[in-house]
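K.L.:
I have a structure I would like to understand better, so I am pasting it below and will then ask my questions one at a time.
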Amino acid sequence: IADPDLGALTSGQRLRGALSELGTTWIKFGQMLSLHPDLVGNDVAAELAQLQSNVPPDPPGSAESTIKAELGVDVGDAFGTFEATPMASASVAQAHRASLKDGTPVVVKVVHSGAQAKVLDDLELMRALAGFVEDRDEALAAYSPTVVVEEFDMTMRAAIDLGQELANLHLFTANFADEQDVVIPRPYPEISSTSVLTMSLLT
């Protein structure tokens, strides 16, 4: 028996609910689609724009375990201080306040445990679904779903690889070196990796 409350929802509301249930990768995909009312229509785009990618933080100790696995040292050896409770937790990573050995305040961004494998599995499923739709629905094929998914694939792979974010920080710092009004966090590559990014805390 169909849920009467579900039947009262618009197609956009149902899609937003389904993507929320599926988790991180699909929420991000919905957010991307919200920027393309030409593909999904204005009403659906407005609903998808309400998707929130905040997620609960990992269990206590998980971030510290990731840091040790990635950097090869205990948190206490890598940092002067490290706050176990994250200051923020988003779709693929959470951020912790910390300090360097010399007392410099920093932010340590740590990819959620299992996030990389989950995202890659989701992307593989998305590519399969896009190919299936493109082969069997001429109307939807006109929107090139496989191309849309491939573009999204690159975005998500960058999101789960903090090494790319580290490289971008270096690039932005070099490009805006002469701009006194542009403040960019300083990265610390010696205590960063593909799953851990340490950068200065902007106040």
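Ordered as shown in the structure tokens, chains take letters A, B, and onward, while each chain numbers its residues from 1 and ligands are numbered from 1 in the order shown.
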Do a neighbour search on range 180-197 of chain A at 6 Å with only C-alpha atoms, toss out local chain neighbours closer than 5 positions, and write the hits as a list of chain:residue names.
P.N.:
A:Val108, A:Lys109, A:Val110, A:Val111, A:Asp161, A:Leu162, A:Gly163
K.L.:
Would you please give, as a PyMOL selection string, all residues of range 8-201 of chain A that DSSP assigns to alpha helix (DSSP H) based on the backbone?
P.N.:
chain A and resi 11-22+24-34+37-40+42-48+62-71+75-78+115-136+138-141+145-159+162-175
K.L.:
Excluding range 26-41 of chain A and residues on its chain fewer than 4 positions from it, collect all residues at most 9 Å away from it, counting only C-alpha atoms, and give them as a PyMOL selection string.
P.N.:
chain A and resi 15-16+18-22+45-53+91+122+126+143+149+152+156
K.L.:
Could you please take those selected residues and save C-alpha atoms as a compact mmCIF listing (two decimals), in the first residue's frame?
P.N.:
# COMPACT_ATOMS: atom_id res chain seq x y z
CA LEU A 15 13.64 13.06 -5.57
CA ARG A 16 15.18 15.19 -2.82
CA ALA A 18 15.48 9.72 -2.20
CA LEU A 19 18.85 11.39 -2.75
CA SER A 20 19.09 12.27 0.94
CA GLU A 21 18.49 8.63 1.85
CA LEU A 22 21.16 7.42 -0.58
CA ALA A 45 15.95 22.45 -9.23
CA ALA A 46 14.51 24.56 -6.41
CA GLU A 47 13.84 21.42 -4.34
CA LEU A 48 17.28 19.98 -4.94
CA ALA A 49 18.86 23.28 -3.90
CA GLN A 50 17.60 22.50 -0.37
CA LEU A 51 19.75 19.39 -0.08
CA GLN A 52 22.13 19.60 2.85
CA SER A 53 25.40 17.67 2.83
CA SER A 91 29.87 15.31 3.23
CA ASP A 122 28.46 5.19 -6.05
CA MET A 126 25.89 6.25 -11.53
CA TYR A 143 20.53 15.54 -22.12
CA VAL A 149 27.94 11.86 -14.75
CA PHE A 152 30.39 14.90 -11.74
CA MET A 156 33.78 13.92 -6.59
K.L.:
Arg127 in chain A: which residues within 8 Å, counting only C-alpha atoms, same-chain residues fewer than 2 positions away excluded, as a ChimeraX atom specification?
P.N.:
/A:123-125,129-131,146,149-150
K.L.:
Kindly save the residues from that selection, with all heavy atoms included, as a PDB file, in the first residue's frame.
P.N.:
ATOM      1  N   LEU A 123      29.872   6.179  -7.760  1.00  0.00           N
ATOM      2  CA  LEU A 123      30.156   6.706  -9.090  1.00  0.00           C
ATOM      3  C   LEU A 123      30.055   5.614 -10.152  1.00  0.00           C
ATOM      4  O   LEU A 123      29.556   5.848 -11.258  1.00  0.00           O
ATOM      5  CB  LEU A 123      31.552   7.335  -9.126  1.00  0.00           C
ATOM      6  CG  LEU A 123      31.711   8.645  -8.337  1.00  0.00           C
ATOM      7  CD1 LEU A 123      33.180   9.058  -8.305  1.00  0.00           C
ATOM      8  CD2 LEU A 123      30.855   9.759  -8.935  1.00  0.00           C
ATOM      9  N   GLU A 124      30.503   4.419  -9.807  1.00  0.00           N
ATOM     10  CA  GLU A 124      30.396   3.299 -10.745  1.00  0.00           C
ATOM     11  C   GLU A 124      28.928   2.985 -11.038  1.00  0.00           C
ATOM     12  O   GLU A 124      28.548   2.739 -12.190  1.00  0.00           O
ATOM     13  CB  GLU A 124      31.092   2.076 -10.156  1.00  0.00           C
ATOM     14  CG  GLU A 124      31.123   0.880 -11.104  1.00  0.00           C
ATOM     15  CD  GLU A 124      31.902  -0.297 -10.545  1.00  0.00           C
ATOM     16  OE1 GLU A 124      32.607  -0.122  -9.537  1.00  0.00           O
ATOM     17  OE2 GLU A 124      31.804  -1.390 -11.130  1.00  0.00           O
ATOM     18  N   LEU A 125      28.104   3.012 -10.003  1.00  0.00           N
ATOM     19  CA  LEU A 125      26.669   2.769 -10.184  1.00  0.00           C
ATOM     20  C   LEU A 125      26.038   3.878 -11.019  1.00  0.00           C
ATOM     21  O   LEU A 125      25.217   3.606 -11.904  1.00  0.00           O
ATOM     22  CB  LEU A 125      25.987   2.658  -8.826  1.00  0.00           C
ATOM     23  CG  LEU A 125      24.460   2.487  -8.839  1.00  0.00           C
ATOM     24  CD1 LEU A 125      24.066   1.243  -9.627  1.00  0.00           C
ATOM     25  CD2 LEU A 125      23.926   2.411  -7.410  1.00  0.00           C
ATOM     26  N   LEU A 129      23.938   3.469 -14.525  1.00  0.00           N
ATOM     27  CA  LEU A 129      22.566   3.961 -14.671  1.00  0.00           C
ATOM     28  C   LEU A 129      22.459   4.963 -15.823  1.00  0.00           C
ATOM     29  O   LEU A 129      21.498   4.941 -16.594  1.00  0.00           O
ATOM     30  CB  LEU A 129      22.093   4.605 -13.370  1.00  0.00           C
ATOM     31  CG  LEU A 129      21.859   3.659 -12.191  1.00  0.00           C
ATOM     32  CD1 LEU A 129      21.553   4.450 -10.932  1.00  0.00           C
ATOM     33  CD2 LEU A 129      20.717   2.695 -12.499  1.00  0.00           C
ATOM     34  N   ALA A 130      23.462   5.841 -15.932  1.00  0.00           N
ATOM     35  CA  ALA A 130      23.437   6.848 -17.001  1.00  0.00           C
ATOM     36  C   ALA A 130      23.504   6.167 -18.370  1.00  0.00           C
ATOM     37  O   ALA A 130      22.792   6.550 -19.304  1.00  0.00           O
ATOM     38  CB  ALA A 130      24.599   7.817 -16.830  1.00  0.00           C
ATOM     39  N   GLY A 131      24.353   5.151 -18.487  1.00  0.00           N
ATOM     40  CA  GLY A 131      24.448   4.428 -19.750  1.00  0.00           C
ATOM     41  C   GLY A 131      23.161   3.704 -20.083  1.00  0.00           C
ATOM     42  O   GLY A 131      22.731   3.679 -21.252  1.00  0.00           O
ATOM     43  N   THR A 146      25.396  10.474 -19.596  1.00  0.00           N
ATOM     44  CA  THR A 146      26.737   9.929 -19.364  1.00  0.00           C
ATOM     45  C   THR A 146      27.775  11.044 -19.261  1.00  0.00           C
ATOM     46  O   THR A 146      28.715  10.958 -18.473  1.00  0.00           O
ATOM     47  CB  THR A 146      27.143   8.953 -20.483  1.00  0.00           C
ATOM     48  OG1 THR A 146      27.028   9.603 -21.752  1.00  0.00           O
ATOM     49  CG2 THR A 146      26.269   7.709 -20.463  1.00  0.00           C
ATOM     50  N   VAL A 149      27.365  12.691 -15.810  1.00  0.00           N
ATOM     51  CA  VAL A 149      27.944  11.864 -14.751  1.00  0.00           C
ATOM     52  C   VAL A 149      29.466  11.900 -14.797  1.00  0.00           C
ATOM     53  O   VAL A 149      30.119  11.932 -13.749  1.00  0.00           O
ATOM     54  CB  VAL A 149      27.421  10.409 -14.854  1.00  0.00           C
ATOM     55  CG1 VAL A 149      28.213   9.494 -13.931  1.00  0.00           C
ATOM     56  CG2 VAL A 149      25.945  10.363 -14.496  1.00  0.00           C
ATOM     57  N   GLU A 150      30.052  11.909 -15.979  1.00  0.00           N
ATOM     58  CA  GLU A 150      31.515  11.967 -16.080  1.00  0.00           C
ATOM     59  C   GLU A 150      32.045  13.274 -15.508  1.00  0.00           C
ATOM     60  O   GLU A 150      33.094  13.302 -14.847  1.00  0.00           O
ATOM     61  CB  GLU A 150      31.965  11.799 -17.532  1.00  0.00           C
ATOM     62  CG  GLU A 150      31.862  10.379 -18.053  1.00  0.00           C
ATOM     63  CD  GLU A 150      32.621   9.384 -17.188  1.00  0.00           C
ATOM     64  OE1 GLU A 150      33.751   9.678 -16.768  1.00  0.00           O
ATOM     65  OE2 GLU A 150      32.072   8.293 -16.935  1.00  0.00           O
TER      66      GLU A 150
END
K.L.:
Can you tell me, as a PyMOL selection string, what residues are no more than 9 Å from Thr85 in chain A when counting only C-alpha atoms, ignoring any on the same chain fewer than 3 positions away?
P.N.:
chain A and resi 57+60+82+88+95-97
K.L.:
Would you write out those residues with N, CA and C atoms, as a short mmCIF file (atom, residue, chain, number, x, y, z; two decimals), in the first residue's frame?
P.N.:
data_model
loop_
_atom_site.label_atom_id
_atom_site.label_comp_id
_atom_site.auth_asym_id
_atom_site.auth_seq_id
_atom_site.Cartn_x
_atom_site.Cartn_y
_atom_site.Cartn_z
N PRO A 57 29.71 13.44 12.49
CA PRO A 57 31.15 13.13 12.48
C PRO A 57 31.39 11.64 12.68
N PRO A 60 34.40 8.72 17.80
CA PRO A 60 35.62 9.21 18.45
C PRO A 60 36.81 8.29 18.17
N PHE A 82 45.44 18.72 19.51
CA PHE A 82 44.46 18.26 18.52
C PHE A 82 43.13 18.05 19.23
N ALA A 88 33.58 21.01 12.51
CA ALA A 88 32.59 20.90 11.43
C ALA A 88 32.71 19.53 10.80
N ALA A 95 36.52 18.59 10.00
CA ALA A 95 37.62 19.49 10.30
C ALA A 95 37.83 19.62 11.81
N HIS A 96 39.09 19.55 12.23
CA HIS A 96 39.45 19.63 13.64
C HIS A 96 40.37 20.83 13.88
N ARG A 97 40.15 21.52 14.98
CA ARG A 97 41.11 22.53 15.41
C ARG A 97 42.33 21.82 16.00
#
K.L.:
Write down as a PDB file with all heavy atoms, in the first residue's frame the residues of chain A whose backbone DSSP state falls under strand (DSSP E or B).
P.N.:
ATOM      1  N   THR A  81      48.675  20.245  19.734  1.00  0.00           N
ATOM      2  CA  THR A  81      47.364  19.928  20.292  1.00  0.00           C
ATOM      3  C   THR A  81      46.455  19.485  19.165  1.00  0.00           C
ATOM      4  O   THR A  81      46.663  19.844  17.996  1.00  0.00           O
ATOM      5  CB  THR A  81      46.724  21.143  21.007  1.00  0.00           C
ATOM      6  OG1 THR A  81      46.519  22.200  20.042  1.00  0.00           O
ATOM      7  CG2 THR A  81      47.627  21.649  22.139  1.00  0.00           C
ATOM      8  N   PHE A  82      45.437  18.721  19.514  1.00  0.00           N
ATOM      9  CA  PHE A  82      44.464  18.257  18.523  1.00  0.00           C
ATOM     10  C   PHE A  82      43.132  18.053  19.231  1.00  0.00           C
ATOM     11  O   PHE A  82      43.039  17.261  20.170  1.00  0.00           O
ATOM     12  CB  PHE A  82      44.920  16.938  17.887  1.00  0.00           C
ATOM     13  CG  PHE A  82      43.993  16.430  16.800  1.00  0.00           C
ATOM     14  CD1 PHE A  82      44.147  16.842  15.499  1.00  0.00           C
ATOM     15  CD2 PHE A  82      42.965  15.539  17.106  1.00  0.00           C
ATOM     16  CE1 PHE A  82      43.294  16.371  14.494  1.00  0.00           C
ATOM     17  CE2 PHE A  82      42.123  15.066  16.127  1.00  0.00           C
ATOM     18  CZ  PHE A  82      42.285  15.489  14.815  1.00  0.00           C
ATOM     19  N   ALA A  88      33.581  21.007  12.505  1.00  0.00           N
ATOM     20  CA  ALA A  88      32.586  20.899  11.435  1.00  0.00           C
ATOM     21  C   ALA A  88      32.705  19.527  10.800  1.00  0.00           C
ATOM     22  O   ALA A  88      33.776  18.922  10.793  1.00  0.00           O
ATOM     23  CB  ALA A  88      32.805  21.984  10.388  1.00  0.00           C
ATOM     24  N   SER A  89      31.587  19.039  10.263  1.00  0.00           N
ATOM     25  CA  SER A  89      31.575  17.759   9.566  1.00  0.00           C
ATOM     26  C   SER A  89      30.704  17.894   8.330  1.00  0.00           C
ATOM     27  O   SER A  89      29.500  18.168   8.438  1.00  0.00           O
ATOM     28  CB  SER A  89      31.031  16.654  10.480  1.00  0.00           C
ATOM     29  OG  SER A  89      31.010  15.413   9.818  1.00  0.00           O
ATOM     30  N   ALA A  93      34.381  14.923   4.540  1.00  0.00           N
ATOM     31  CA  ALA A  93      35.454  15.113   5.514  1.00  0.00           C
ATOM     32  C   ALA A  93      34.958  15.907   6.709  1.00  0.00           C
ATOM     33  O   ALA A  93      33.894  16.524   6.669  1.00  0.00           O
ATOM     34  CB  ALA A  93      36.636  15.830   4.859  1.00  0.00           C
ATOM     35  N   GLN A  94      35.746  15.865   7.772  1.00  0.00           N
ATOM     36  CA  GLN A  94      35.461  16.667   8.953  1.00  0.00           C
ATOM     37  C   GLN A  94      36.711  17.458   9.297  1.00  0.00           C
ATOM     38  O   GLN A  94      37.829  17.090   8.922  1.00  0.00           O
ATOM     39  CB  GLN A  94      35.019  15.800  10.124  1.00  0.00           C
ATOM     40  CG  GLN A  94      36.022  14.745  10.569  1.00  0.00           C
ATOM     41  CD  GLN A  94      35.409  13.755  11.561  1.00  0.00           C
ATOM     42  OE1 GLN A  94      34.333  13.203  11.310  1.00  0.00           O
ATOM     43  NE2 GLN A  94      36.088  13.535  12.682  1.00  0.00           N
ATOM     44  N   ALA A  95      36.519  18.586  10.004  1.00  0.00           N
ATOM     45  CA  ALA A  95      37.623  19.495  10.301  1.00  0.00           C
ATOM     46  C   ALA A  95      37.826  19.615  11.808  1.00  0.00           C
ATOM     47  O   ALA A  95      36.863  19.757  12.565  1.00  0.00           O
ATOM     48  CB  ALA A  95      37.349  20.863   9.695  1.00  0.00           C
ATOM     49  N   HIS A  96      39.092  19.548  12.226  1.00  0.00           N
ATOM     50  CA  HIS A  96      39.451  19.630  13.641  1.00  0.00           C
ATOM     51  C   HIS A  96      40.370  20.826  13.875  1.00  0.00           C
ATOM     52  O   HIS A  96      41.282  21.085  13.080  1.00  0.00           O
ATOM     53  CB  HIS A  96      40.192  18.358  14.080  1.00  0.00           C
ATOM     54  CG  HIS A  96      39.357  17.115  14.022  1.00  0.00           C
ATOM     55  ND1 HIS A  96      38.820  16.531  15.153  1.00  0.00           N
ATOM     56  CD2 HIS A  96      38.974  16.345  12.971  1.00  0.00           C
ATOM     57  CE1 HIS A  96      38.150  15.440  14.793  1.00  0.00           C
ATOM     58  NE2 HIS A  96      38.227  15.310  13.480  1.00  0.00           N
ATOM     59  N   ARG A  97      40.152  21.515  14.979  1.00  0.00           N
ATOM     60  CA  ARG A  97      41.108  22.531  15.409  1.00  0.00           C
ATOM     61  C   ARG A  97      42.331  21.824  15.996  1.00  0.00           C
ATOM     62  O   ARG A  97      42.206  20.809  16.677  1.00  0.00           O
ATOM     63  CB  ARG A  97      40.501  23.440  16.473  1.00  0.00           C
ATOM     64  CG  ARG A  97      39.392  24.350  15.966  1.00  0.00           C
ATOM     65  CD  ARG A  97      38.863  25.224  17.111  1.00  0.00           C
ATOM     66  NE  ARG A  97      37.734  26.016  16.711  1.00  0.00           N
ATOM     67  CZ  ARG A  97      37.813  27.236  16.181  1.00  0.00           C
ATOM     68  NH1 ARG A  97      39.019  27.798  16.025  1.00  0.00           N
ATOM     69  NH2 ARG A  97      36.733  27.903  15.835  1.00  0.00           N
ATOM     70  N   ALA A  98      43.493  22.374  15.721  1.00  0.00           N
ATOM     71  CA  ALA A  98      44.731  21.804  16.248  1.00  0.00           C
ATOM     72  C   ALA A  98      45.772  22.904  16.297  1.00  0.00           C
ATOM     73  O   ALA A  98      45.506  24.070  15.959  1.00  0.00           O
ATOM     74  CB  ALA A  98      45.201  20.642  15.371  1.00  0.00           C
ATOM     75  N   SER A  99      46.965  22.557  16.729  1.00  0.00           N
ATOM     76  CA  SER A  99      48.085  23.488  16.693  1.00  0.00           C
ATOM     77  C   SER A  99      49.347  22.720  16.342  1.00  0.00           C
ATOM     78  O   SER A  99      49.451  21.511  16.589  1.00  0.00           O
ATOM     79  CB  SER A  99      48.259  24.205  18.032  1.00  0.00           C
ATOM     80  OG  SER A  99      48.658  23.294  19.045  1.00  0.00           O
ATOM     81  N   PRO A 105      48.124  27.954  15.363  1.00  0.00           N
ATOM     82  CA  PRO A 105      46.807  27.323  15.206  1.00  0.00           C
ATOM     83  C   PRO A 105      46.560  26.869  13.774  1.00  0.00           C
ATOM     84  O   PRO A 105      46.863  27.598  12.821  1.00  0.00           O
ATOM     85  CB  PRO A 105      45.830  28.425  15.621  1.00  0.00           C
ATOM     86  CG  PRO A 105      46.562  29.701  15.398  1.00  0.00           C
ATOM     87  CD  PRO A 105      48.013  29.402  15.636  1.00  0.00           C
ATOM     88  N   VAL A 106      46.033  25.673  13.619  1.00  0.00           N
ATOM     89  CA  VAL A 106      45.760  25.115  12.298  1.00  0.00           C
ATOM     90  C   VAL A 106      44.411  24.406  12.301  1.00  0.00           C
ATOM     91  O   VAL A 106      43.814  24.159  13.358  1.00  0.00           O
ATOM     92  CB  VAL A 106      46.854  24.117  11.850  1.00  0.00           C
ATOM     93  CG1 VAL A 106      48.179  24.826  11.648  1.00  0.00           C
ATOM     94  CG2 VAL A 106      46.987  22.978  12.856  1.00  0.00           C
ATOM     95  N   VAL A 107      43.957  24.085  11.108  1.00  0.00           N
ATOM     96  CA  VAL A 107      42.782  23.242  10.909  1.00  0.00           C
ATOM     97  C   VAL A 107      43.258  21.965  10.228  1.00  0.00           C
ATOM     98  O   VAL A 107      44.036  22.021   9.268  1.00  0.00           O
ATOM     99  CB  VAL A 107      41.722  23.943  10.032  1.00  0.00           C
ATOM    100  CG1 VAL A 107      40.589  22.973   9.691  1.00  0.00           C
ATOM    101  CG2 VAL A 107      41.172  25.163  10.730  1.00  0.00           C
ATOM    102  N   VAL A 108      42.793  20.834  10.734  1.00  0.00           N
ATOM    103  CA  VAL A 108      43.149  19.545  10.135  1.00  0.00           C
ATOM    104  C   VAL A 108      41.882  18.930   9.543  1.00  0.00           C
ATOM    105  O   VAL A 108      40.939  18.607  10.267  1.00  0.00           O
ATOM    106  CB  VAL A 108      43.770  18.586  11.165  1.00  0.00           C
ATOM    107  CG1 VAL A 108      44.213  17.299  10.479  1.00  0.00           C
ATOM    108  CG2 VAL A 108      44.945  19.242  11.872  1.00  0.00           C
ATOM    109  N   LYS A 109      41.864  18.817   8.237  1.00  0.00           N
ATOM    110  CA  LYS A 109      40.725  18.242   7.528  1.00  0.00           C
ATOM    111  C   LYS A 109      41.000  16.761   7.295  1.00  0.00           C
ATOM    112  O   LYS A 109      42.060  16.400   6.775  1.00  0.00           O
ATOM    113  CB  LYS A 109      40.533  18.979   6.202  1.00  0.00           C
ATOM    114  CG  LYS A 109      39.267  18.638   5.440  1.00  0.00           C
ATOM    115  CD  LYS A 109      39.142  19.557   4.227  1.00  0.00           C
ATOM    116  CE  LYS A 109      37.910  19.263   3.404  1.00  0.00           C
ATOM    117  NZ  LYS A 109      37.817  20.177   2.222  1.00  0.00           N
ATOM    118  N   VAL A 110      40.058  15.901   7.686  1.00  0.00           N
ATOM    119  CA  VAL A 110      40.259  14.457   7.608  1.00  0.00           C
ATOM    120  C   VAL A 110      39.081  13.827   6.860  1.00  0.00           C
ATOM    121  O   VAL A 110      37.912  14.042   7.225  1.00  0.00           O
ATOM    122  CB  VAL A 110      40.364  13.832   9.015  1.00  0.00           C
ATOM    123  CG1 VAL A 110      40.678  12.344   8.919  1.00  0.00           C
ATOM    124  CG2 VAL A 110      41.427  14.542   9.854  1.00  0.00           C
ATOM    125  N   VAL A 111      39.367  13.070   5.823  1.00  0.00           N
ATOM    126  CA  VAL A 111      38.313  12.395   5.063  1.00  0.00           C
ATOM    127  C   VAL A 111      37.624  11.364   5.962  1.00  0.00           C
ATOM    128  O   VAL A 111      38.280  10.645   6.719  1.00  0.00           O
ATOM    129  CB  VAL A 111      38.896  11.701   3.816  1.00  0.00           C
ATOM    130  CG1 VAL A 111      37.838  10.845   3.120  1.00  0.00           C
ATOM    131  CG2 VAL A 111      39.447  12.735   2.843  1.00  0.00           C
ATOM    132  N   PRO A 187      49.106  25.960   3.548  1.00  0.00           N
ATOM    133  CA  PRO A 187      49.107  24.500   3.710  1.00  0.00           C
ATOM    134  C   PRO A 187      50.417  24.009   4.326  1.00  0.00           C
ATOM    135  O   PRO A 187      51.466  24.637   4.178  1.00  0.00           O
ATOM    136  CB  PRO A 187      48.961  23.997   2.267  1.00  0.00           C
ATOM    137  CG  PRO A 187      49.637  25.066   1.452  1.00  0.00           C
ATOM    138  CD  PRO A 187      49.389  26.371   2.165  1.00  0.00           C
ATOM    139  N   VAL A 196      44.324  13.609   4.570  1.00  0.00           N
ATOM    140  CA  VAL A 196      44.536  14.559   5.663  1.00  0.00           C
ATOM    141  C   VAL A 196      45.101  15.847   5.071  1.00  0.00           C
ATOM    142  O   VAL A 196      46.060  15.818   4.298  1.00  0.00           O
ATOM    143  CB  VAL A 196      45.517  14.012   6.715  1.00  0.00           C
ATOM    144  CG1 VAL A 196      45.778  15.051   7.808  1.00  0.00           C
ATOM    145  CG2 VAL A 196      44.994  12.719   7.324  1.00  0.00           C
ATOM    146  N   LEU A 197      44.500  16.979   5.422  1.00  0.00           N
ATOM    147  CA  LEU A 197      45.002  18.275   4.963  1.00  0.00           C
ATOM    148  C   LEU A 197      45.136  19.204   6.154  1.00  0.00           C
ATOM    149  O   LEU A 197      44.163  19.496   6.838  1.00  0.00           O
ATOM    150  CB  LEU A 197      44.053  18.880   3.923  1.00  0.00           C
ATOM    151  CG  LEU A 197      44.388  20.300   3.462  1.00  0.00           C
ATOM    152  CD1 LEU A 197      45.766  20.340   2.793  1.00  0.00           C
ATOM    153  CD2 LEU A 197      43.321  20.825   2.496  1.00  0.00           C
ATOM    154  N   THR A 198      46.362  19.669   6.389  1.00  0.00           N
ATOM    155  CA  THR A 198      46.623  20.616   7.466  1.00  0.00           C
ATOM    156  C   THR A 198      46.881  21.984   6.870  1.00  0.00           C
ATOM    157  O   THR A 198      47.703  22.132   5.962  1.00  0.00           O
ATOM    158  CB  THR A 198      47.848  20.175   8.294  1.00  0.00           C
ATOM    159  OG1 THR A 198      47.628  18.856   8.807  1.00  0.00           O
ATOM    160  CG2 THR A 198      48.066  21.119   9.457  1.00  0.00           C
ATOM    161  N   MET A 199      46.152  22.970   7.370  1.00  0.00           N
ATOM    162  CA  MET A 199      46.307  24.340   6.864  1.00  0.00           C
ATOM    163  C   MET A 199      46.104  25.320   8.000  1.00  0.00           C
ATOM    164  O   MET A 199      45.498  25.000   9.035  1.00  0.00           O
ATOM    165  CB  MET A 199      45.303  24.613   5.732  1.00  0.00           C
ATOM    166  CG  MET A 199      43.880  24.298   6.072  1.00  0.00           C
ATOM    167  SD  MET A 199      42.797  24.327   4.626  1.00  0.00           S
ATOM    168  CE  MET A 199      41.370  23.427   5.254  1.00  0.00           C
ATOM    169  N   SER A 200      46.603  26.529   7.804  1.00  0.00           N
ATOM    170  CA  SER A 200      46.511  27.536   8.857  1.00  0.00           C
ATOM    171  C   SER A 200      45.060  27.885   9.147  1.00  0.00           C
ATOM    172  O   SER A 200      44.199  27.841   8.262  1.00  0.00           O
ATOM    173  CB  SER A 200      47.283  28.788   8.453  1.00  0.00           C
ATOM    174  OG  SER A 200      46.771  29.336   7.240  1.00  0.00           O
TER     175      SER A 200
END
K.L.:
Let me make sure I understand: among A:Thr104, A:Thr24, A:Ala84, A:Phe172, which one has the smallest atom-to-atom distance to Ser65 in chain A if we use only C-alpha atoms?
P.N.:
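So, comparing all the options, the nearest one is A:Ala84.
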K.L.:
Between CA of Ala159 in chain A and CA of Val92 in chain A, what distance in Å does the model show, to one decimal?
P.N.:
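One can read the CA of Ala159 in chain A to CA of Val92 in chain A distance as 7.3 Å.
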K.L.:
Which distance in Å separates CA of Ala139 in chain A and CA of Gln13 in chain A, to one decimal?
P.N.:
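That distance, rounded to one decimal, is 22.5 Å.
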